[in-house]
6 protein chains.
Amino acid sequence: MTAETEFVPMTVLDELLQFLKEDIPAGDVTSDAVIPDVDCNAVIRAEQDGILAGIEEASILFSHFDVAITSRKRDGEAVKKGDAILSVSGKAKQVLLVERTTLNILGRMSGIATRTAVMAGIVKRENPACRVAGTRKTCPGFRRFDKKAVMIGGGDPHRMNLSDGILIKDNHLALVPIEEALRKARAHSAYKKIEVEVESTADAVKAARAGADIIMLDNMTPGQVRETIGVLKTEGLRERVVIEISGGIDEGTIRDYAACGVDVISMGALTHTVKNFSFSLEIQPPGQL
Amino acid sequence: MTAETEFVPMTVLDELLQFLKEDIPAGDVTSDAVIPDVDCNAVIRAEQDGILAGIEEASILFSHFDVAITSRKRDGEAVKKGDAILSVSGKAKQVLLVERTTLNILGRMSGIATRTAVMAGIVKRENPACRVAGTRKTCPGFRRFDKKAVMIGGGDPHRMNLSDGILIKDNHLALVPIEEALRKARAHSAYKKIEVEVESTADAVKAARAGADIIMLDNMTPGQVRETIGVLKTEGLRERVVIEISGGIDEGTIRDYAACGVDVISMGALTHTVKNFSFSLEIQPPGQL
Amino acid sequence: MTAETEFVPMTVLDELLQFLKEDIPAGDVTSDAVIPDVDCNAVIRAEQDGILAGIEEASILFSHFDVAITSRKRDGEAVKKGDAILSVSGKAKQVLLVERTTLNILGRMSGIATRTAVMAGIVKRENPACRVAGTRKTCPGFRRFDKKAVMIGGGDPHRMNLSDGILIKDNHLALVPIEEALRKARAHSAYKKIEVEVESTADAVKAARAGADIIMLDNMTPGQVRETIGVLKTEGLRERVVIEISGGIDEGTIRDYAACGVDVISMGALTHTVKNFSFSLEIQPPGQL
Amino acid sequence: MTAETEFVPMTVLDELLQFLKEDIPAGDVTSDAVIPDVDCNAVIRAEQDGILAGIEEASILFSHFDVAITSRKRDGEAVKKGDAILSVSGKAKQVLLVERTTLNILGRMSGIATRTAVMAGIVKRENPACRVAGTRKTCPGFRRFDKKAVMIGGGDPHRMNLSDGILIKDNHLALVPIEEALRKARAHSAYKKIEVEVESTADAVKAARAGADIIMLDNMTPGQVRETIGVLKTEGLRERVVIEISGGIDEGTIRDYAACGVDVISMGALTHTVKNFSFSLEIQPPGQL
Amino acid sequence: MTAETEFVPMTVLDELLQFLKEDIPAGDVTSDAVIPDVDCNAVIRAEQDGILAGIEEASILFSHFDVAITSRKRDGEAVKKGDAILSVSGKAKQVLLVERTTLNILGRMSGIATRTAVMAGIVKRENPACRVAGTRKTCPGFRRFDKKAVMIGGGDPHRMNLSDGILIKDNHLALVPIEEALRKARAHSAYKKIEVEVESTADAVKAARAGADIIMLDNMTPGQVRETIGVLKTEGLRERVVIEISGGIDEGTIRDYAACGVDVISMGALTHTVKNFSFSLEIQPPGQL
Amino acid sequence: MTAETEFVPMTVLDELLQFLKEDIPAGDVTSDAVIPDVDCNAVIRAEQDGILAGIEEASILFSHFDVAITSRKRDGEAVKKGDAILSVSGKAKQVLLVERTTLNILGRMSGIATRTAVMAGIVKRENPACRVAGTRKTCPGFRRFDKKAVMIGGGDPHRMNLSDGILIKDNHLALVPIEEALRKARAHSAYKKIEVEVESTADAVKAARAGADIIMLDNMTPGQVRETIGVLKTEGLRERVVIEISGGIDEGTIRDYAACGVDVISMGALTHTVKNFSFSLEIQPPGQL
């Protein structure tokens, strides 16, 4: 186990076992009925190219059920179609027990990491100081792992949840004026950054003046982003704030946005529209051990 | 609440609250800091065409936090871009509390239902007796809702989990011969159907003879499927079994497979590669109530 | 540990620890107050003849508390009064901690297995193709173990719970006609067997024609059962269905029912009216180690 | 709801919902598939004579699922075969959801209460000051309800669990001498009664002298019990202690034991060997409302 | 209920019920045994002067058990000895059920709020821009409520837990140099403030230069604090950072520290050494209703 | 691990991990960001004199995270300022993970044990038969550990919770007369001691006559206590009851009360007004291993 897994094994294992219970509320009736008490080897292979994520979670699950990991690649590693990414050895029933849950985790996390790495690569080539970030648009029940996959792919996790940071959005501003919102937010605690979502240059300036730490330019064109950054510079406010853009950014447009000089580009699609990364698990019968 | 929600409100609410805890482990610091104690109206709109799913879950969440539902469409209904699908009224803080979790649920479930309905439509036009089915390739932590969305889209849920049905796959058959597996499975209990995954016509015949209730033809071409069904008919075995096909079926090929005379076409992509259905939630300030 | 225990150790251990918490919400005050920190040997003996069940659960509990199992018989084994069935060695306080919970589990499970084996034996001698089955009339909180004990005694577990199979009973048929119920059930999913409970020959025929996989003849006399099976044969429907009988069957009548040619005899009394199997646990003081 | 239920609704409801989850881990597939969204009336009837217990638990379950209780008898009431004991009205699906769990609870609890009342009646007629008591030989997972049923039947619950009282038994005395055990127990806390299990008159005297509050005479004949009580009187120790007897007492012998002048007779069989009390639930179709 | 309680009722209620379970694992045996099914009024009074906290928690608990709140003061309100702070009306058994847990919560939270308000008052009079803050030195199991009480008393909650903010302390700096730590922390995410604990002026300057958002001066005398702030000003770094001091500050010294021009004074003693605020609850018998 | 910890490791570990989750809901972002994967040694030192408590809990936490304990003092041991009380060795990230939670536990428990030992010492010197006892005035969520610390300091834990013993207080007696309360309590069960709180000599006599096992004299002066004990002796009732006093007893008055001849002196302040015991944890960098 690497240092990372040892860190919060308690809660990660808890969540992984919840996933398993979802798949096995009352035993695996097929294995119970037909599988003899034999050992086996098994290997998980990538069926496409990309960036691995979920290896650590897979390892925790196999280990918890006394299936030994005989070799594995690491989270974040680039793999090619056909590569063996995890080889295990143990009771056949135990391998079958965690097979589907493990592949589901690997498939989604590697899918996210691969996409994030692609987007981060485009951005970095255009603007080395700019980062790609996730959002809270994750699959319910899988937030922690979606966020981790974004990080493995080279993205910034952004705030983890509503308790984790102050982000004043359009729906807040429908209820309270921007300056009042920022004043209250600053009075709340000295220990959290304050982000404001704005849709106009004027509001961006207002937010920066009122003490926002981060300004999210929502659904602006690259031209509008450039103009807004220009005005912030003129007003001497650019240095004080992190500039994030969000909304409708995809492979086709991300390069233009990165070129505008923003600090962070956040994309809901990194976690809300995931293409599964295809893996297979093959068991070798005991005679072949 | 419709009859469907009343059915297992206990465990559904439990799971929905878990999703909320994931997003709010220790309060919503933004609302805490900046939002006054006011009421508001809010409306969720579809930002694309498709089939709705998750309305019931959204309703349970809003209701649990004393936000009244003033109008809503129903799960399974077809909607157009711009349609209001759920209107609510209550404390602004409560609406903000469940906003993201609700949209995440609606977005994924409606995405699944919409895709399933499209695939089921193609199949039905070619072969009215044939059904599309889900698999266990769901997002960990969201299984129940992924399966429900498949059903709302007109699909067969297939087995819910490893406790729910006997399915003898290639990895089982690497460990025990097909006839022995079927004999053991039948001795286990008289109360469960037995499915076998095969990769050849010969194994399909063997499985049908040995008492399989369902035969899954894995990764066969339409030609191989037709040949296998032909041989089963010749041997007088076709009537005894349900024929499922699986593996690498997509929009381009599903019509050909349906035309082969199979009973069920199962597709992992219905739940492992989901395109988010886009919704927005807009709060109307108290002055506009 | 045998292969069976390794299968779902997670949830089984969870449930066993819940049982322990029920007996020890806040420590064992007696041992805390009076027992020194010494090791001991202990032996559990059968105080009657019968079939063992619960050995695996007892082993999991002792092992979890670092009490070594020095010898044990196996679940399903026939034992005589006085036989040592489990010998352990460890901290005296730990043995005392799990003593009562372990004996309660062994006593109920072995009681169920012993009774099931007796009934299954009678049936088998009369009709080797016929099986005894349990029902859902189990002790709340102990379902999993009641069902397992039935299986250890040679019985069919029947459906585990309401999520596990479709069984249309008299209370359903008070609300929906039999053919409509069967049509809806078949449309629900291709992956579950459908059972119907009937009280007349006519309904049995109706159910078989409408596609029932299993027909439960409820509260019929042996004569009525024979007549119903006869009509099903005449109609060419016997082969298509599993015939289960249920209701008021006991040691005195079960042989006659088995002789009727039914496939399964289900009995609520196997789990709702259990005679405890008597065991004792004796600790040997450290001086005698 | 009576005052008793209002007392710890939180934890009782939690446990009852756990029982329900055991029966419905993932929905009621039969009702889901075949039952329309209709209301119904339903009545639970006793199918034998006896003492009711579990009415409160049944009421909590029905109420939690919005099924109205239209009339009901009370826990502890004597009923005759055919009596309606609980009538309800609500959604048919909800009634079906809790039917089996409710009947399982009622059947076991009423079985225990009925048996306890019979034994307590025999004892009371012989010795009005003497009480029947339960033990910790309950069904794992159902302890709280087994104990409550004993109380409803007129029995003393005895200690609820290992945290609840100090009881020094033979296995403790194999590890520590009786006087030392009592000295340590008294030093532990001034707030708990101390019980000692003894197998001889000499040990009974020793325990009373060393400060035991309760002495359990284990497996003694009525003659031995009389002799022991006599010696305790002679020594002036009888007044200081409660005398409990236990071990192998049944309908045939309990009267003789009661006549010996003991204070409590505890019986494992009250909860470890329960005869189910038979109830039926019948749904009336909506046309008959 | 005020807006604040409605905010996360789910998790707050969960935690409050956990506290109750701790006090009532298996019912309230005293009330069960002796209290009749009667209603009562009850009033909680302050037995000292101070600032109230815990009223909201008390209200949630009483309401959950159907005890009506007839009048109450608000969290944060100043009260005098003898003031009625909460009056309730309901079943006597329910009032008794939550009495102790409620008083324990009120006593600790009001104790913390009162002390915080005293310290914040001293600070504010000396330096209106300076705030008092809590730490993570809270009672395990009560963190959320300790932090809330600090806020009610006018303090800054500081970071809630290890997931909530980056604070590089001496034990981290024993393992990694300060500049490297800050570089890594900034690369981690753009969304969290970074705090560094330093013990010298030189390290404070180093931290500010390397991009720290907050600098905690640990265990410095007022003179050292003044000197450090002076150097930061000279270097043009004072504006960029929040200055927090911590370590050994009490009623006697806090005024001097506030006068140094720091932004925040954090004090472990606010939550690790709490003087209980004394409250009484008096029940009025039904005759006096 | 000592025998005590092995006793209920399950539930104790569960509670300790809950405490940790409170501090680390989603990982330790500081260590994640800045700490390399290195081993370290660390030592916890007392920063004051007193009695240790919480060593066992600290050991369980470190061990659970694979941090080896290289030396430690024992619970109940007297320590001096500067003493090393626990030395550990393991991954630096793991040590940092449990540091604060461990110190919070040690600080509170040792604070309680130290205070209890001081009070028990005063009492013992005056009246060797008299004990100091805790109450239920503990910090919510920490009851088990507050009570254990009282015991380690030499105190009687008193009843653990409302399920653990019968204590009839003023609020009960406002609802039911004292003799009736005692009669009902005795009829409830033969297995629990019955305590009554009284405020007058007359009520003390009444309670003793009616069968109370323990009488708590509430808020009496030493003179009133002496008088009450005198009357009880005169009436021949003193031997039958344990005499407890409670209410407003502190360091200044406890000696006088002990001298009155009472059996137990209970003090809420032992757990509701705790002075933190100061400890430090210092990490030694890997170069110094």
# chains A, B, ... in the order shown; residues from 1 in each chain; ligands from 1
>>> closest_atom_pairs(of="chain B", to="chain A", cutoff="7 Å", atoms="only C-alpha atoms", output="Markdown table")
| residue | atom | partner | partner_atom | distance |
| --- | --- | --- | --- | --- |
| B:Phe19 | CA | A:Pro140 | CA | 5.4 |
| B:Asp23 | CA | A:Asn161 | CA | 4.6 |
| B:Ile24 | CA | A:Leu162 | CA | 5.2 |
| B:Pro25 | CA | A:Ser163 | CA | 6.3 |
| B:Ala26 | CA | A:Ser163 | CA | 5.4 |
| B:Gly27 | CA | A:Ser163 | CA | 5.3 |
| B:Asp28 | CA | A:Leu162 | CA | 4.8 |
| B:Val29 | CA | A:Ser163 | CA | 5.3 |
| B:Thr30 | CA | A:Ile166 | CA | 4.8 |
| B:Ala33 | CA | A:Ala185 | CA | 5.3 |
| B:Val34 | CA | A:Ala181 | CA | 5.2 |
| B:Ile35 | CA | A:Val176 | CA | 6.8 |
| B:Asn104 | CA | A:Lys137 | CA | 6.0 |
| B:Ile105 | CA | A:Pro140 | CA | 6.8 |
| B:Lys137 | CA | A:Asn104 | CA | 6.0 |
| B:Thr138 | CA | A:Asn104 | CA | 6.8 |
| B:Cys139 | CA | A:Asn104 | CA | 6.6 |
| B:Pro140 | CA | A:Phe19 | CA | 5.4 |
| B:Gly141 | CA | A:Gly141 | CA | 4.5 |
| B:Phe142 | CA | A:Gly141 | CA | 6.1 |
| B:Asn161 | CA | A:Asp23 | CA | 4.6 |
| B:Leu162 | CA | A:Asp28 | CA | 4.8 |
| B:Ser163 | CA | A:Asp28 | CA | 5.0 |
| B:Gly165 | CA | A:Val29 | CA | 6.8 |
| B:Ile166 | CA | A:Thr30 | CA | 4.8 |
| B:Leu167 | CA | A:Thr30 | CA | 6.2 |
| B:Ile168 | CA | A:Thr30 | CA | 6.6 |
| B:Asn171 | CA | A:Ile283 | CA | 5.6 |
| B:His172 | CA | A:Ile35 | CA | 6.9 |
| B:Ala174 | CA | A:Pro285 | CA | 5.4 |
| B:Leu175 | CA | A:Pro285 | CA | 5.4 |
| B:Val176 | CA | A:Ile35 | CA | 6.8 |
| B:Ala181 | CA | A:Val34 | CA | 5.2 |
| B:Lys184 | CA | A:Val34 | CA | 5.6 |
| B:Ala185 | CA | A:Ala33 | CA | 5.3 |
| B:His188 | CA | A:Ala33 | CA | 5.8 |
| B:His272 | CA | A:Asn276 | CA | 5.7 |
| B:Thr273 | CA | A:Lys275 | CA | 4.8 |
| B:Val274 | CA | A:Thr273 | CA | 5.8 |
| B:Lys275 | CA | A:Thr273 | CA | 4.8 |
| B:Asn276 | CA | A:Thr273 | CA | 5.3 |
| B:Glu282 | CA | A:Asn171 | CA | 6.6 |
| B:Ile283 | CA | A:Asn171 | CA | 5.6 |
| B:Gln284 | CA | A:Ala174 | CA | 6.8 |
| B:Pro285 | CA | A:Leu175 | CA | 5.4 |
>>> write_last_selection(atoms="C-alpha atoms", output="compact mmCIF listing (two decimals), in the first residue's frame")
# COMPACT_ATOMS: atom_id res chain seq x y z
CA PHE B 19 -25.82 11.94 -1.00
CA ASP B 23 -22.16 17.52 -0.26
CA ILE B 24 -22.75 19.07 3.17
CA PRO B 25 -20.67 17.30 5.82
CA ALA B 26 -20.76 20.35 8.12
CA GLY B 27 -23.30 22.88 6.91
CA ASP B 28 -23.44 25.16 3.86
CA VAL B 29 -20.95 27.85 4.83
CA THR B 30 -21.99 30.19 2.03
CA ALA B 33 -22.70 33.45 6.03
CA VAL B 34 -24.66 35.46 3.48
CA ILE B 35 -28.27 34.34 2.98
CA ASN B 104 -26.85 15.83 -10.04
CA ILE B 105 -29.48 13.13 -9.52
CA LYS B 137 -21.91 -1.67 -14.77
CA THR B 138 -23.36 1.20 -12.72
CA CYS B 139 -21.70 4.00 -10.78
CA PRO B 140 -20.74 2.67 -7.32
CA GLY B 141 -23.02 4.22 -4.73
CA PHE B 142 -25.75 4.94 -7.29
CA ASN B 161 -26.79 -7.49 -7.74
CA LEU B 162 -24.89 -10.69 -7.03
CA SER B 163 -27.48 -11.84 -4.49
CA GLY B 165 -29.84 -14.12 -9.56
CA ILE B 166 -27.53 -16.85 -10.79
CA LEU B 167 -25.41 -15.89 -13.78
CA ILE B 168 -22.61 -18.28 -14.70
CA ASN B 171 -14.72 -16.65 -15.16
CA HIS B 172 -16.93 -19.23 -13.43
CA ALA B 174 -12.79 -21.33 -16.10
CA LEU B 175 -13.20 -23.02 -12.71
CA VAL B 176 -16.02 -25.53 -13.20
CA ALA B 181 -22.14 -25.66 -12.81
CA LYS B 184 -25.08 -27.40 -8.79
CA ALA B 185 -27.04 -24.25 -9.52
CA HIS B 188 -29.14 -24.83 -4.86
CA HIS B 272 -21.30 3.19 -17.47
CA THR B 273 -21.06 5.93 -20.07
CA VAL B 274 -23.78 8.44 -19.26
CA LYS B 275 -24.26 11.79 -20.97
CA ASN B 276 -25.55 14.25 -18.36
CA GLU B 282 -33.31 29.48 -10.88
CA ILE B 283 -34.32 31.20 -7.65
CA GLN B 284 -36.75 34.09 -7.75
CA PRO B 285 -36.04 36.68 -5.08
>>> residues_around(residues="stretch 214-226 of chain A", least_positions_apart="6", cutoff="7 Å", atoms="only C-alpha atoms", output="list of chain:residue names")
A:Ile194, A:Glu195, A:Val196, A:Glu197, A:Val198, A:Glu199, A:Ala204, A:Val241, A:Val242, A:Ile243, A:Glu244, A:Ile245, A:Ser246, A:Gly247, A:Gly248, A:Asp256, A:Tyr257, A:Cys260
>>> write_last_selection(atoms="all heavy atoms", output="tab-separated table (two decimals), in the first residue's frame")
chain	number	residue	atom	x	y	z
A	194	ILE	N	-12.97	33.37	-0.36
A	194	ILE	CA	-14.31	33.72	-0.79
A	194	ILE	C	-14.31	33.86	-2.31
A	194	ILE	O	-13.53	34.63	-2.87
A	194	ILE	CB	-14.76	35.05	-0.15
A	194	ILE	CG1	-14.71	34.92	1.38
A	194	ILE	CG2	-16.16	35.43	-0.62
A	194	ILE	CD1	-14.84	36.23	2.11
A	195	GLU	N	-15.19	33.08	-2.96
A	195	GLU	CA	-15.30	33.14	-4.41
A	195	GLU	C	-16.66	33.72	-4.78
A	195	GLU	O	-17.66	33.46	-4.10
A	195	GLU	CB	-15.15	31.73	-5.00
A	195	GLU	CG	-15.34	31.70	-6.51
A	195	GLU	CD	-14.91	30.38	-7.16
A	195	GLU	OE1	-14.64	29.41	-6.41
A	195	GLU	OE2	-14.85	30.32	-8.39
A	196	VAL	N	-16.68	34.51	-5.85
A	196	VAL	CA	-17.95	35.06	-6.33
A	196	VAL	C	-18.09	34.74	-7.81
A	196	VAL	O	-17.12	34.87	-8.57
A	196	VAL	CB	-18.01	36.60	-6.15
A	196	VAL	CG1	-19.37	37.14	-6.56
A	196	VAL	CG2	-17.71	36.96	-4.70
A	197	GLU	N	-19.27	34.31	-8.20
A	197	GLU	CA	-19.57	34.07	-9.61
A	197	GLU	C	-20.19	35.32	-10.19
A	197	GLU	O	-21.17	35.84	-9.64
A	197	GLU	CB	-20.55	32.88	-9.70
A	197	GLU	CG	-21.05	32.57	-11.08
A	197	GLU	CD	-22.19	31.55	-11.04
A	197	GLU	OE1	-21.94	30.38	-10.66
A	197	GLU	OE2	-23.34	31.93	-11.34
A	198	VAL	N	-19.63	35.83	-11.29
A	198	VAL	CA	-20.19	37.04	-11.91
A	198	VAL	C	-20.42	36.80	-13.40
A	198	VAL	O	-19.81	35.91	-14.00
A	198	VAL	CB	-19.26	38.26	-11.73
A	198	VAL	CG1	-19.06	38.57	-10.26
A	198	VAL	CG2	-17.93	38.03	-12.43
A	199	GLU	N	-21.30	37.59	-13.95
A	199	GLU	CA	-21.62	37.45	-15.38
A	199	GLU	C	-21.27	38.71	-16.18
A	199	GLU	O	-21.53	38.77	-17.38
A	199	GLU	CB	-23.11	37.11	-15.54
A	199	GLU	CG	-23.41	35.69	-15.03
A	199	GLU	CD	-24.89	35.40	-14.89
A	199	GLU	OE1	-25.70	36.32	-15.14
A	199	GLU	OE2	-25.22	34.27	-14.52
A	204	ALA	N	-17.48	41.85	-11.81
A	204	ALA	CA	-16.14	41.34	-11.49
A	204	ALA	C	-15.35	42.40	-10.74
A	204	ALA	O	-14.70	42.13	-9.72
A	204	ALA	CB	-15.41	40.90	-12.75
A	241	VAL	N	-6.73	38.76	-7.06
A	241	VAL	CA	-7.73	37.70	-7.22
A	241	VAL	C	-7.27	36.58	-8.14
A	241	VAL	O	-6.44	36.78	-9.03
A	241	VAL	CB	-9.05	38.28	-7.80
A	241	VAL	CG1	-9.72	39.18	-6.78
A	241	VAL	CG2	-8.81	38.99	-9.11
A	242	VAL	N	-7.81	35.41	-7.88
A	242	VAL	CA	-7.69	34.27	-8.78
A	242	VAL	C	-8.87	34.38	-9.76
A	242	VAL	O	-9.99	34.63	-9.34
A	242	VAL	CB	-7.78	32.95	-7.99
A	242	VAL	CG1	-7.91	31.76	-8.93
A	242	VAL	CG2	-6.55	32.79	-7.09
A	243	ILE	N	-8.59	34.20	-11.05
A	243	ILE	CA	-9.67	34.25	-12.05
A	243	ILE	C	-9.99	32.83	-12.52
A	243	ILE	O	-9.12	32.13	-13.05
A	243	ILE	CB	-9.27	35.10	-13.28
A	243	ILE	CG1	-8.93	36.53	-12.86
A	243	ILE	CG2	-10.39	35.08	-14.33
A	243	ILE	CD1	-10.11	37.37	-12.46
A	244	GLU	N	-11.25	32.43	-12.31
A	244	GLU	CA	-11.73	31.13	-12.78
A	244	GLU	C	-12.78	31.37	-13.86
A	244	GLU	O	-13.58	32.30	-13.74
A	244	GLU	CB	-12.36	30.37	-11.60
A	244	GLU	CG	-13.07	29.09	-12.01
A	244	GLU	CD	-13.80	28.40	-10.85
A	244	GLU	OE1	-13.44	28.70	-9.68
A	244	GLU	OE2	-14.73	27.63	-11.09
A	245	ILE	N	-12.78	30.56	-14.92
A	245	ILE	CA	-13.89	30.63	-15.87
A	245	ILE	C	-14.61	29.30	-15.86
A	245	ILE	O	-14.04	28.24	-15.56
A	245	ILE	CB	-13.44	30.98	-17.29
A	245	ILE	CG1	-12.37	29.99	-17.77
A	245	ILE	CG2	-12.96	32.42	-17.36
A	245	ILE	CD1	-12.10	30.11	-19.26
A	246	SER	N	-15.89	29.35	-16.20
A	246	SER	CA	-16.71	28.15	-16.16
A	246	SER	C	-17.88	28.30	-17.12
A	246	SER	O	-18.30	29.40	-17.42
A	246	SER	CB	-17.23	27.92	-14.73
A	246	SER	OG	-17.74	26.62	-14.61
A	247	GLY	N	-18.40	27.18	-17.60
A	247	GLY	CA	-19.61	27.25	-18.41
A	247	GLY	C	-19.37	26.95	-19.88
A	247	GLY	O	-18.78	27.76	-20.60
A	248	GLY	N	-19.83	25.80	-20.32
A	248	GLY	CA	-19.85	25.51	-21.74
A	248	GLY	C	-18.49	25.43	-22.42
A	248	GLY	O	-18.37	25.71	-23.63
A	256	ASP	N	-8.67	28.44	-26.52
A	256	ASP	CA	-8.89	29.89	-26.61
A	256	ASP	C	-9.06	30.50	-25.21
A	256	ASP	O	-8.55	31.59	-24.94
A	256	ASP	CB	-10.15	30.19	-27.43
A	256	ASP	CG	-9.92	29.97	-28.92
A	256	ASP	OD1	-8.74	29.77	-29.31
A	256	ASP	OD2	-10.89	29.98	-29.68
A	257	TYR	N	-9.77	29.79	-24.37
A	257	TYR	CA	-9.98	30.32	-23.01
A	257	TYR	C	-8.66	30.36	-22.24
A	257	TYR	O	-8.37	31.31	-21.53
A	257	TYR	CB	-11.02	29.48	-22.26
A	257	TYR	CG	-12.45	29.82	-22.61
A	257	TYR	CD1	-13.21	29.00	-23.43
A	257	TYR	CD2	-13.03	30.99	-22.12
A	257	TYR	CE1	-14.53	29.32	-23.76
A	257	TYR	CE2	-14.35	31.32	-22.43
A	257	TYR	CZ	-15.10	30.48	-23.25
A	257	TYR	OH	-16.38	30.81	-23.55
A	260	CYS	N	-6.53	33.30	-22.69
A	260	CYS	CA	-6.99	34.60	-22.16
A	260	CYS	C	-6.23	35.04	-20.91
A	260	CYS	O	-6.45	36.14	-20.42
A	260	CYS	CB	-8.47	34.56	-21.81
A	260	CYS	SG	-9.55	34.22	-23.18
>>> atom_distance(atom1="atom CA of D:Glu56", atom2="atom CA of D:Ile69")
11.1 Å
>>> select_by_dssp(residues="stretch 50-283 of chain F", states="helix (DSSP H, G or I)", output="PyMOL selection string")
chain F and resi 55-64+92-126+143-152+170-173+178-188+201-209+222-234+238-240+254-258+269-272
>>> select_by_dssp(residues="stretch 51-129 of chain D", states="strand (DSSP E)", output="PyMOL selection string")
chain D and resi 51+68-72+78-79+84-91
>>> write_last_selection(atoms="C-alpha atoms", output="tab-separated table (two decimals), in the first residue's frame")
chain	number	residue	atom	x	y	z
D	51	ILE	CA	-52.09	-13.05	25.44
D	68	ALA	CA	-54.05	4.28	9.62
D	69	ILE	CA	-54.96	2.09	12.56
D	70	THR	CA	-58.74	1.99	12.78
D	71	SER	CA	-59.03	-0.22	15.84
D	72	ARG	CA	-56.80	-2.40	17.94
D	78	ALA	CA	-56.32	-11.93	26.44
D	79	VAL	CA	-57.80	-12.86	23.07
D	84	ALA	CA	-59.77	-9.08	15.23
D	85	ILE	CA	-56.76	-7.59	17.01
D	86	LEU	CA	-55.71	-4.83	14.62
D	87	SER	CA	-57.60	-3.18	11.77
D	88	VAL	CA	-55.89	-0.83	9.38
D	89	SER	CA	-56.63	1.26	6.34
D	90	GLY	CA	-54.21	2.67	3.76
D	91	LYS	CA	-52.38	2.12	0.50
>>> closest_residue(among="E:Ser110, E:Thr253, E:Ser280, E:Gln48", to="E:Ile122", atoms="only C-alpha atoms")
E:Thr253
